[in-house]
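Just below is one structure, and these are the notes that go with it.
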Amino acid sequence: MKKKPQRMCVSCKTRADKKDLLRVVLLPSGDIAYDPSGRLPGRGSYLCRKQECIMAELKAHRLAKGLRHQVDDEELKKIASQILKECEDEVQEEG
Ligand SMILES: [Zn+2]
C-alpha cells in the first residue's frame with residue numbers, strides 16, 4: 001500500500017497532500033520566501049493556499065525571530081499575496 005506524503009498546515013492544522021500545500025521558509029537572513037523546490041535552507045513551514053494561513057505564519061515567524069522592527073500588516077499582506085501569486089504562476093507554467 002502506497003501512502004501519499006501528508007503534511008499539516010501549521011496555521012489551521014488542516015492535513016493535505018504535500019503537493020497541495022505551500023512551503024514557505026524563514027531564511028537565515030530573516031526573509032521569508034516561497035519555496036516550491038523544498039530545498040531552501042532555513043525553517044520551513046507548510047501552509048495551505050490561503051492568505052490567512054500565510055499571514056498567520058508570517059507573523060509567527062517575525063515574532064519568533066524577535067525582529068526589532070514592528071510587524072507591519074500591510075507588508076505581510078504584500079508578501080502573502082506575492083507567495084500566492086507565485087504559486088499560481090507556477091501551476092500555470094508547469095511543464
Ligand atoms: Zn491553513
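By order of appearance in the C-alpha cells: chains A, B, ..., then residues from 1 within every chain, and ligands from 1 in the order shown.
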
*Residues within 6 Å of ligand 1 should be enumerated using only C-alpha atoms and all ligand atoms and returned as number ranges by chain.*
A: 9, 11-12, 14, 47-48, 53

Using C-alpha atoms, can you export the residues from the last selection as a compact mmCIF listing (two decimals), in the first residue's frame?
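Full text of result38.txt as output:
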# COMPACT_ATOMS: atom_id res chain seq x y z
CA CYS A 9 -0.81 23.39 7.62
CA SER A 11 -1.65 27.63 10.79
CA CYS A 12 -5.06 25.96 10.59
CA THR A 14 -5.57 21.04 8.09
CA LEU A 47 0.72 26.12 4.61
CA CYS A 48 -2.46 25.82 2.63
CA CYS A 53 -2.75 30.99 6.85

*Mind checking which residues fall within 10 Å of Ser37 in chain A, counting only C-alpha atoms, ignoring those fewer than 3 positions away in the same chain, and posting them as a list in words?*
Arg23, Tyr34 and Leu40 of chain A

N, CA and C atoms of the current selection, written as a compact mmCIF listing (two decimals), in the first residue's frame:
# COMPACT_ATOMS: atom_id res chain seq x y z
N ARG A 23 5.20 25.51 0.68
CA ARG A 23 6.26 25.53 1.67
C ARG A 23 6.84 26.93 1.69
N TYR A 34 8.86 31.88 -0.60
CA TYR A 34 8.09 30.74 -1.06
C TYR A 34 9.09 29.76 -1.67
N LEU A 40 15.26 25.13 -0.02
CA LEU A 40 15.92 26.30 0.55
C LEU A 40 16.30 26.04 2.00

*Would you please extract all alpha helix (DSSP H) residues from chain A, as assigned by DSSP on the backbone, and give them as a count of residues only?*
35

*Calculate how many Å separate CA of Asp17 in chain A from CA of Lys59 in chain A, rounding to one decimal.*
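CA of Lys59 in chain A lies at a distance of 24.3 Å from CA of Asp17 in chain A.
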
_Quick check for you: according to DSSP on this backbone, which residues of range 28-65 of chain A are classed as strand (DSSP E)? Reply as a list in words._
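In range 28-65 of chain A, DSSP puts these residues in strand (DSSP E): Ile32, Ala33, Tyr34, Arg43, Gly44, Ser45, Tyr46 and Leu47 of chain A.
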
*Exercise: Leu26 in chain A partners within 9 Å, only C-alpha atoms, chain neighbours under 5 positions left out, as a list of chain:residue names*: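 Everything that qualifies: A:Asp31, A:Ile32, A:Ala33, A:Pro41, A:Gly42, A:Arg43, A:Gly44, A:Ser45, A:Leu58, A:His61.
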
*Counting only C-alpha atoms, what is within 7 Å of Met55 in chain A, bar same-chain residues fewer than 5 positions away, as a list in words?*
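Here the qualifying residues turn out to be Leu76, Lys77 and Ala80 of chain A.
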
*Quick one: of A:Gln51, A:Lys78, A:Asp73, A:Arg7, who's nearest to Lys19 in chain A, counting only C-alpha atoms?*
A:Arg7

_Shortest interatomic distance to Glu90 in chain A - which of A:Asp35, A:Pro28, A:Ile54, A:Asp72, counting only C-alpha atoms_ =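 For Glu90 in chain A, the nearest of the candidates is A:Asp35.
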
*Mind giving me the straight-line distance from CA of Tyr46 in chain A to CA of Leu22 in chain A in Å, one decimal?*
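Atom-to-atom, CA of Tyr46 in chain A to CA of Leu22 in chain A, that is 5.5 Å.
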
_Two-atom distance - CA of Ser29 in chain A, CA of Lys13 in chain A (Å)_ = 26.9 Å

*Residue with smallest distance to Asp89 in chain A - pool A:Glu75, A:Glu52, A:Pro36, A:Met1, counting only C-alpha atoms*: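 Smallest separation from Asp89 in chain A among the options: A:Pro36.
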